[in-house]
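Everything on this sheet refers to the single structure shown next.
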Amino acid sequence: MKKIHLILGYGGLIPFFGLALLHYLNFENADSFLIAYAALIFSFLGGLLWKSTLYNDLPAHVIYISVTVMLWAWVWLIFNQLNWFFIASCSFFALYLYEKKYLIQTYPDGFIKLRLHLSMSATVVLLVVFFI
């Protein structure tokens with residue numbers, strides 16, 4: 001894994017933390033922006049699963065999960081009147097556990113550790129926003 005992957009990965013947390021701060025400060029659209037960003041990132045993670053099925057012999061369910069992840073994130077946006085923060089946080093955590101179980105051997109060295117840091121950060125931010 002290259003340094004740029006670490007920089008971009010951790011940099012992707014900036015909107016999570018920034019929008020959580022704006023939520024705390026009662027910024028008018030912070031919640032909508034945060035759940036939209038979370039859905040975007042969650043969909044991106046589904047794309048990582050999809051790509052993994054192109055070059056690796058993985059169980060058939062991996063490609064179905066990859067599409068389900070994207071559709072699930074889309075639901076967060078369609079039904080935007082609901083408070084999705086708790087469910088989104090659980091989704092990030094569950095997807096990390098899924099990847100750790102089924103894809104750890106296909107990911108480059110250090111990537112699952114990066115995924116742990118990024119997913120747990122997103123999970124915690126979304127949980128904090130849900131509870132404040």
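Within each chain, counting starts at residue 1; across the structure tokens, chains are named A, B, ... in the order shown, with ligands numbered 1 upward in that order.
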
task = With a distance cut-off of 12 Å and only C-alpha atoms, select the neighbouring residues of Leu103 of chain A, excluding the residue or stretch itself and same-chain residues fewer than 3 positions from it, and output the selection as a ChimeraX atom specification.
result = /A:48-53,55-59,61-63,95-100,106-109,111-112,115

Go ahead and write the selection's residues with N, CA and C atoms as a compact mmCIF listing (two decimals), in the first residue's frame.
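again_16.txt was written with the following content:
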# COMPACT_ATOMS: atom_id res chain seq x y z
N LEU A 48 -15.07 -1.39 -3.64
CA LEU A 48 -13.86 -2.15 -3.32
C LEU A 48 -14.14 -3.65 -3.31
N LEU A 49 -15.30 -4.01 -2.78
CA LEU A 49 -15.68 -5.43 -2.79
C LEU A 49 -15.85 -5.92 -4.22
N TRP A 50 -16.52 -5.12 -5.04
CA TRP A 50 -16.75 -5.48 -6.45
C TRP A 50 -15.41 -5.72 -7.14
N LYS A 51 -14.48 -4.79 -6.97
CA LYS A 51 -13.17 -4.93 -7.60
C LYS A 51 -12.46 -6.20 -7.13
N SER A 52 -12.59 -6.51 -5.86
CA SER A 52 -11.94 -7.70 -5.33
C SER A 52 -12.42 -8.97 -6.01
N THR A 53 -13.68 -8.99 -6.46
CA THR A 53 -14.20 -10.18 -7.11
C THR A 53 -13.67 -10.34 -8.53
N TYR A 55 -10.50 -10.04 -9.52
CA TYR A 55 -9.14 -10.59 -9.57
C TYR A 55 -8.88 -11.70 -8.58
N ASN A 56 -9.87 -12.07 -7.78
CA ASN A 56 -9.67 -13.07 -6.74
C ASN A 56 -10.80 -14.09 -6.77
N ASP A 57 -10.47 -15.30 -6.36
CA ASP A 57 -11.47 -16.36 -6.26
C ASP A 57 -12.12 -16.25 -4.88
N LEU A 58 -13.23 -15.54 -4.84
CA LEU A 58 -13.93 -15.28 -3.58
C LEU A 58 -15.29 -15.96 -3.60
N PRO A 59 -15.88 -16.17 -2.43
CA PRO A 59 -17.24 -16.73 -2.40
C PRO A 59 -18.20 -15.86 -3.23
N HIS A 61 -21.06 -14.79 -2.70
CA HIS A 61 -21.82 -13.76 -1.98
C HIS A 61 -21.11 -12.42 -1.93
N VAL A 62 -19.80 -12.40 -2.16
CA VAL A 62 -19.07 -11.13 -2.08
C VAL A 62 -19.57 -10.14 -3.12
N ILE A 63 -19.79 -10.60 -4.34
CA ILE A 63 -20.27 -9.67 -5.37
C ILE A 63 -21.69 -9.19 -5.06
N LEU A 95 -19.71 -4.05 7.88
CA LEU A 95 -18.97 -4.25 6.63
C LEU A 95 -17.49 -4.51 6.91
N TYR A 96 -16.94 -3.80 7.88
CA TYR A 96 -15.54 -4.07 8.26
C TYR A 96 -15.39 -5.53 8.71
N LEU A 97 -16.28 -6.00 9.56
CA LEU A 97 -16.21 -7.39 10.04
C LEU A 97 -16.34 -8.38 8.88
N TYR A 98 -17.21 -8.07 7.94
CA TYR A 98 -17.38 -8.92 6.76
C TYR A 98 -16.08 -8.98 5.95
N GLU A 99 -15.49 -7.82 5.70
CA GLU A 99 -14.24 -7.78 4.94
C GLU A 99 -13.14 -8.53 5.67
N LYS A 100 -13.08 -8.35 6.97
CA LYS A 100 -12.03 -9.02 7.75
C LYS A 100 -12.18 -10.54 7.64
N THR A 106 -7.03 -11.22 0.51
CA THR A 106 -6.93 -10.59 -0.81
C THR A 106 -6.46 -9.14 -0.74
N TYR A 107 -6.54 -8.55 0.43
CA TYR A 107 -6.15 -7.15 0.58
C TYR A 107 -4.64 -7.03 0.76
N PRO A 108 -4.05 -5.94 0.27
CA PRO A 108 -2.62 -5.71 0.47
C PRO A 108 -2.27 -5.57 1.95
N ASP A 109 -1.01 -5.81 2.26
CA ASP A 109 -0.55 -5.66 3.64
C ASP A 109 -0.89 -4.28 4.17
N PHE A 111 -3.72 -2.96 4.63
CA PHE A 111 -5.00 -2.38 4.22
C PHE A 111 -6.11 -2.66 5.22
N ILE A 112 -6.15 -3.88 5.77
CA ILE A 112 -7.23 -4.19 6.71
C ILE A 112 -7.06 -3.36 7.99
N ARG A 115 -8.44 -0.05 7.05
CA ARG A 115 -9.91 -0.16 7.05
C ARG A 115 -10.45 -0.14 8.47

request  = Name the residues in contact with segment 40-45 of chain A at a cut-off of 10 Å, using only C-alpha atoms, excluding same-chain residues fewer than 6 positions from it; report them as a VMD selection string.
outcome  = chain A and resid 12 to 13 34 51 66 to 74 77 88 91 to 92 95 to 96 99 115 119 122

Save out the residues we just selected, C-alpha atoms, as a PDB file, in the first residue's frame.
ATOM      1  CA  GLY A  12     -11.508  11.133   3.932  1.00  0.00           C
ATOM      2  CA  LEU A  13     -12.274  11.335   7.640  1.00  0.00           C
ATOM      3  CA  LEU A  34     -23.126  13.978   6.880  1.00  0.00           C
ATOM      4  CA  LYS A  51     -13.167  -4.933  -7.601  1.00  0.00           C
ATOM      5  CA  SER A  66     -20.924  -5.325  -2.993  1.00  0.00           C
ATOM      6  CA  VAL A  67     -24.118  -4.331  -4.800  1.00  0.00           C
ATOM      7  CA  THR A  68     -26.227  -4.563  -1.647  1.00  0.00           C
ATOM      8  CA  VAL A  69     -23.868  -2.142   0.107  1.00  0.00           C
ATOM      9  CA  MET A  70     -24.436   0.472  -2.584  1.00  0.00           C
ATOM     10  CA  LEU A  71     -28.202  -0.012  -2.584  1.00  0.00           C
ATOM     11  CA  TRP A  72     -28.327   0.115   1.219  1.00  0.00           C
ATOM     12  CA  ALA A  73     -26.476   3.441   1.211  1.00  0.00           C
ATOM     13  CA  TRP A  74     -28.894   4.732  -1.419  1.00  0.00           C
ATOM     14  CA  LEU A  77     -30.641   9.062   0.960  1.00  0.00           C
ATOM     15  CA  ALA A  88     -25.162   3.798   9.260  1.00  0.00           C
ATOM     16  CA  SER A  91     -23.384  -0.732   8.767  1.00  0.00           C
ATOM     17  CA  PHE A  92     -19.795   0.531   8.666  1.00  0.00           C
ATOM     18  CA  LEU A  95     -18.968  -4.251   6.634  1.00  0.00           C
ATOM     19  CA  TYR A  96     -15.542  -4.073   8.259  1.00  0.00           C
ATOM     20  CA  GLU A  99     -14.242  -7.784   4.941  1.00  0.00           C
ATOM     21  CA  ARG A 115      -9.906  -0.160   7.049  1.00  0.00           C
ATOM     22  CA  SER A 119     -14.352   2.302   9.613  1.00  0.00           C
ATOM     23  CA  ALA A 122     -16.706   6.672  10.851  1.00  0.00           C
TER      24      ALA A 122
END

ask   = In Å, how far is it from atom CA of Asp31 of chain A to atom CA of Met120 of chain A?
value =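 Atom-to-atom, atom CA of Asp31 of chain A to atom CA of Met120 of chain A, that is 19.2 Å.
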
request  = Please indicate the distance in Å from atom CA of Val129 of chain A to atom CA of Phe27 of chain A, rounded to one decimal place.
outcome  = 12.7 Å

Extract, using only C-alpha atoms, all DNA, RNA and protein residues at most 12 Å from Ser32 of chain A, discarding same-chain residues fewer than 2 positions from it, and format them as a compact mmCIF listing (two decimals) with N, CA and C atoms, in the first residue's frame.
# COMPACT_ATOMS: atom_id res chain seq x y z
N LEU A 19 -18.28 17.67 9.69
CA LEU A 19 -19.74 17.71 9.67
C LEU A 19 -20.34 17.35 11.03
N ALA A 20 -19.65 16.50 11.79
CA ALA A 20 -20.10 16.22 13.16
C ALA A 20 -20.01 17.48 14.01
N LEU A 22 -20.19 20.56 12.85
CA LEU A 22 -21.28 21.43 12.39
C LEU A 22 -22.63 20.96 12.93
N HIS A 23 -22.82 19.67 13.05
CA HIS A 23 -24.04 19.14 13.67
C HIS A 23 -24.15 19.63 15.11
N PHE A 27 -25.62 23.59 12.71
CA PHE A 27 -25.61 24.06 11.33
C PHE A 27 -26.80 23.42 10.61
N GLU A 28 -27.53 24.22 9.88
CA GLU A 28 -28.82 23.82 9.32
C GLU A 28 -28.79 22.51 8.53
N ASN A 29 -27.84 22.31 7.65
CA ASN A 29 -27.83 21.14 6.77
C ASN A 29 -26.78 20.10 7.14
N ALA A 30 -26.19 20.21 8.30
CA ALA A 30 -25.10 19.30 8.67
C ALA A 30 -25.53 17.84 8.64
N LEU A 34 -23.87 15.08 6.27
CA LEU A 34 -23.13 13.98 6.88
C LEU A 34 -23.65 12.63 6.41
N ILE A 35 -24.95 12.44 6.39
CA ILE A 35 -25.47 11.14 5.96
C ILE A 35 -25.22 10.93 4.47
N ALA A 36 -25.24 12.00 3.69
CA ALA A 36 -24.92 11.88 2.26
C ALA A 36 -23.46 11.49 2.07
N TYR A 37 -22.57 12.10 2.84
CA TYR A 37 -21.15 11.75 2.75
C TYR A 37 -20.94 10.31 3.21
N ALA A 38 -21.59 9.92 4.30
CA ALA A 38 -21.46 8.55 4.78
C ALA A 38 -21.95 7.56 3.73
N ALA A 39 -23.06 7.87 3.06
CA ALA A 39 -23.59 7.01 2.01
C ALA A 39 -22.61 6.92 0.83
N TRP A 76 -30.45 5.20 2.51
CA TRP A 76 -30.23 6.27 3.49
C TRP A 76 -30.61 7.62 2.90
N LEU A 77 -30.37 7.78 1.62
CA LEU A 77 -30.64 9.06 0.96
C LEU A 77 -32.10 9.20 0.56
N ILE A 78 -32.71 8.12 0.13
CA ILE A 78 -34.10 8.17 -0.31
C ILE A 78 -35.03 8.51 0.85
N PHE A 79 -34.80 7.84 1.97
CA PHE A 79 -35.64 8.05 3.15
C PHE A 79 -34.93 8.99 4.12
N ASN A 80 -34.63 10.17 3.63
CA ASN A 80 -33.81 11.11 4.40
C ASN A 80 -34.52 11.73 5.58
N GLN A 81 -35.81 11.49 5.73
CA GLN A 81 -36.52 12.03 6.88
C GLN A 81 -36.22 11.20 8.14
N LEU A 82 -35.63 10.04 7.98
CA LEU A 82 -35.28 9.19 9.11
C LEU A 82 -33.89 9.55 9.63
N ASN A 83 -33.65 9.28 10.88
CA ASN A 83 -32.32 9.47 11.47
C ASN A 83 -31.53 8.19 11.25
N TRP A 84 -30.67 8.19 10.26
CA TRP A 84 -29.93 7.01 9.85
C TRP A 84 -28.59 6.85 10.56
N PHE A 85 -28.22 7.75 11.43
CA PHE A 85 -26.87 7.74 11.98
C PHE A 85 -26.53 6.44 12.72
N VAL A 129 -22.90 11.53 16.72
CA VAL A 129 -23.91 12.42 16.15
C VAL A 129 -25.31 11.92 16.47

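Restricting the calculation to only C-alpha atoms, the smallest distance between Phe17 of chain A and any of A:Phe131, A:Phe86, A:Tyr64, A:Phe33 is found for A:Phe33.
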
query = How would you write, as number ranges by chain, the set of residues in chain A that DSSP gives as alpha helix (DSSP H)?
reply = A: 3-11, 14-24, 30-55, 61-78, 85-102, 111-131

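Take atom CA of Leu118 of chain A and atom CA of Ala60 of chain A: the distance between them is 26.0 Å.
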
query = Which one of A:Val75, A:Met1, A:Ile132, A:Val125 sits closest to Ile14 of chain A if you count only C-alpha atoms?
reply =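 Selected residue with least distance to Ile14 of chain A: A:Val125.
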